[in-house]
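**Q** See model.txt below, with compact mmCIF, N, CA and C atoms.
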# COMPACT_ATOMS: atom_id res chain seq x y z
N MET G 1 -12.31 26.70 20.40
CA MET G 1 -12.11 27.01 18.98
C MET G 1 -10.67 26.76 18.53
N VAL G 2 -9.80 26.45 19.46
CA VAL G 2 -8.41 26.24 19.09
C VAL G 2 -8.18 24.82 18.58
N GLY G 3 -8.96 23.86 19.09
CA GLY G 3 -8.74 22.46 18.75
C GLY G 3 -9.03 22.11 17.31
N PHE G 4 -10.04 22.72 16.71
CA PHE G 4 -10.42 22.36 15.34
C PHE G 4 -9.34 22.70 14.31
N PRO G 5 -8.79 23.92 14.32
CA PRO G 5 -7.74 24.21 13.31
C PRO G 5 -6.50 23.33 13.47
N ILE G 6 -6.15 23.02 14.71
CA ILE G 6 -4.98 22.16 14.94
C ILE G 6 -5.27 20.76 14.40
N THR G 7 -6.46 20.24 14.68
CA THR G 7 -6.84 18.92 14.18
C THR G 7 -6.88 18.90 12.66
N LEU G 8 -7.44 19.92 12.06
CA LEU G 8 -7.51 20.01 10.60
C LEU G 8 -6.12 20.06 9.99
N ALA G 9 -5.21 20.79 10.61
CA ALA G 9 -3.84 20.88 10.11
C ALA G 9 -3.13 19.54 10.23
N LEU G 10 -3.32 18.85 11.34
CA LEU G 10 -2.69 17.54 11.52
C LEU G 10 -3.22 16.52 10.51
N VAL G 11 -4.52 16.49 10.30
CA VAL G 11 -5.11 15.56 9.34
C VAL G 11 -4.63 15.85 7.93
N SER G 12 -4.53 17.11 7.57
CA SER G 12 -4.06 17.46 6.22
C SER G 12 -2.60 17.10 6.03
N MET G 13 -1.77 17.27 7.07
CA MET G 13 -0.35 16.90 6.94
C MET G 13 -0.20 15.39 6.83
N ILE G 14 -0.96 14.63 7.61
CA ILE G 14 -0.88 13.17 7.53
C ILE G 14 -1.35 12.68 6.16
N SER G 15 -2.40 13.30 5.62
CA SER G 15 -2.89 12.93 4.30
C SER G 15 -1.85 13.26 3.23
N LEU G 16 -1.20 14.39 3.34
CA LEU G 16 -0.17 14.78 2.38
C LEU G 16 1.00 13.82 2.43
N ILE G 17 1.39 13.40 3.63
CA ILE G 17 2.48 12.42 3.77
C ILE G 17 2.09 11.11 3.11
N GLY G 18 0.82 10.69 3.26
CA GLY G 18 0.35 9.46 2.62
C GLY G 18 0.41 9.56 1.11
N VAL G 19 0.02 10.69 0.56
CA VAL G 19 0.06 10.88 -0.89
C VAL G 19 1.50 10.81 -1.39
N VAL G 20 2.42 11.41 -0.67
CA VAL G 20 3.83 11.38 -1.07
C VAL G 20 4.37 9.96 -1.02
N LEU G 21 4.00 9.20 0.02
CA LEU G 21 4.46 7.81 0.11
C LEU G 21 3.91 6.95 -1.01
N VAL G 22 2.64 7.12 -1.35
CA VAL G 22 2.05 6.33 -2.43
C VAL G 22 2.67 6.72 -3.77
N ARG G 23 2.89 7.99 -3.99
CA ARG G 23 3.52 8.43 -5.25
C ARG G 23 4.92 7.86 -5.37
N ASP G 24 5.67 7.85 -4.27
CA ASP G 24 7.02 7.30 -4.29
C ASP G 24 6.97 5.79 -4.52
N GLY G 25 6.03 5.10 -3.91
CA GLY G 25 5.92 3.66 -4.08
C GLY G 25 5.55 3.27 -5.50
N LEU G 26 4.71 4.06 -6.14
CA LEU G 26 4.30 3.75 -7.52
C LEU G 26 5.37 4.10 -8.54
N SER G 27 6.37 4.86 -8.15
CA SER G 27 7.43 5.23 -9.10
C SER G 27 8.46 4.12 -9.26
N HIS G 28 8.47 3.11 -8.37
CA HIS G 28 9.42 2.02 -8.48
C HIS G 28 8.93 0.99 -9.51
N PRO G 29 9.87 0.29 -10.17
CA PRO G 29 9.45 -0.73 -11.14
C PRO G 29 8.82 -1.93 -10.44
N LYS G 30 7.94 -2.62 -11.16
CA LYS G 30 7.29 -3.80 -10.60
C LYS G 30 8.29 -4.94 -10.53
N PRO G 31 8.26 -5.74 -9.45
CA PRO G 31 9.20 -6.87 -9.36
C PRO G 31 8.80 -7.99 -10.32
N LEU G 32 9.78 -8.67 -10.86
CA LEU G 32 9.54 -9.77 -11.78
C LEU G 32 9.62 -11.09 -11.03
N ILE G 33 8.76 -12.04 -11.39
CA ILE G 33 8.77 -13.35 -10.76
C ILE G 33 9.82 -14.20 -11.44
N GLU G 34 10.79 -14.67 -10.67
CA GLU G 34 11.88 -15.47 -11.24
C GLU G 34 11.60 -16.96 -11.15
N ASN G 35 10.85 -17.38 -10.12
CA ASN G 35 10.63 -18.81 -9.91
C ASN G 35 9.14 -19.10 -10.10
N GLU G 36 8.81 -19.91 -11.08
CA GLU G 36 7.41 -20.22 -11.39
C GLU G 36 6.77 -21.16 -10.37
N THR G 37 7.57 -21.97 -9.66
CA THR G 37 6.99 -22.95 -8.75
C THR G 37 6.30 -22.28 -7.58
N GLU G 38 6.80 -21.15 -7.13
CA GLU G 38 6.16 -20.45 -6.01
C GLU G 38 4.76 -20.00 -6.39
N THR G 39 4.58 -19.51 -7.61
CA THR G 39 3.26 -19.04 -8.02
C THR G 39 2.30 -20.19 -8.22
N THR G 40 2.79 -21.35 -8.68
CA THR G 40 1.88 -22.47 -8.88
C THR G 40 1.43 -23.03 -7.53
N LEU G 41 2.30 -22.99 -6.52
CA LEU G 41 1.90 -23.47 -5.21
C LEU G 41 0.85 -22.56 -4.60
N ILE G 42 1.00 -21.28 -4.81
CA ILE G 42 0.04 -20.32 -4.24
C ILE G 42 -1.29 -20.39 -4.99
N SER G 43 -1.26 -20.59 -6.29
CA SER G 43 -2.47 -20.52 -7.08
C SER G 43 -3.28 -21.80 -7.09
N LYS G 44 -2.76 -22.90 -6.50
CA LYS G 44 -3.54 -24.14 -6.47
C LYS G 44 -4.74 -23.98 -5.56
N GLU G 45 -5.85 -24.55 -5.99
CA GLU G 45 -7.07 -24.44 -5.19
C GLU G 45 -7.02 -25.47 -4.07
N VAL G 46 -7.54 -25.06 -2.92
CA VAL G 46 -7.62 -25.97 -1.77
C VAL G 46 -8.93 -26.75 -1.90
N PRO G 47 -8.85 -28.08 -1.82
CA PRO G 47 -10.10 -28.86 -1.97
C PRO G 47 -11.06 -28.59 -0.80
N ALA G 48 -12.34 -28.50 -1.13
CA ALA G 48 -13.36 -28.26 -0.10
C ALA G 48 -13.59 -29.53 0.71
N GLU G 49 -13.75 -29.36 1.99
CA GLU G 49 -13.98 -30.53 2.86
C GLU G 49 -15.44 -30.84 3.01
Re-express the file's structure as C-alpha cells.

**A**
Amino acid sequence: MVGFPITLALVSMISLIGVVLVRDGLSHPKPLIENETETTLISKEVPAE
C-alpha cells in the first residue's frame, strides 16, 4: 500500500512541472521569419516518383 501514494505523488509532480514549462513557453513572443527563401524551399512540393 506504500507504492501507490508515492507513484501518484510522483506523477502529479511531473505533470505539474510539464504545465509550468508549457505555460512559460507560451509566454514568449513568436519568432518572426526574416528570410523568405528558407520558407519557400521548405514549402516546395517534392515531385512524386

**Q** So how far away is CA of His28 (chain G) from atom C of Ser12 (chain G), in Å?

**A** 24.1 Å

**Q** Do you have the atom C of Leu8 (chain G)-atom N of Val20 (chain G) distance handy?

**A**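 Those two atoms sit 16.2 Å apart.
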
**Q** By how many Å are CA of Ile6 (chain G) and CA of Leu21 (chain G) apart?

**A**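 That distance, rounded to one decimal, is 22.7 Å.
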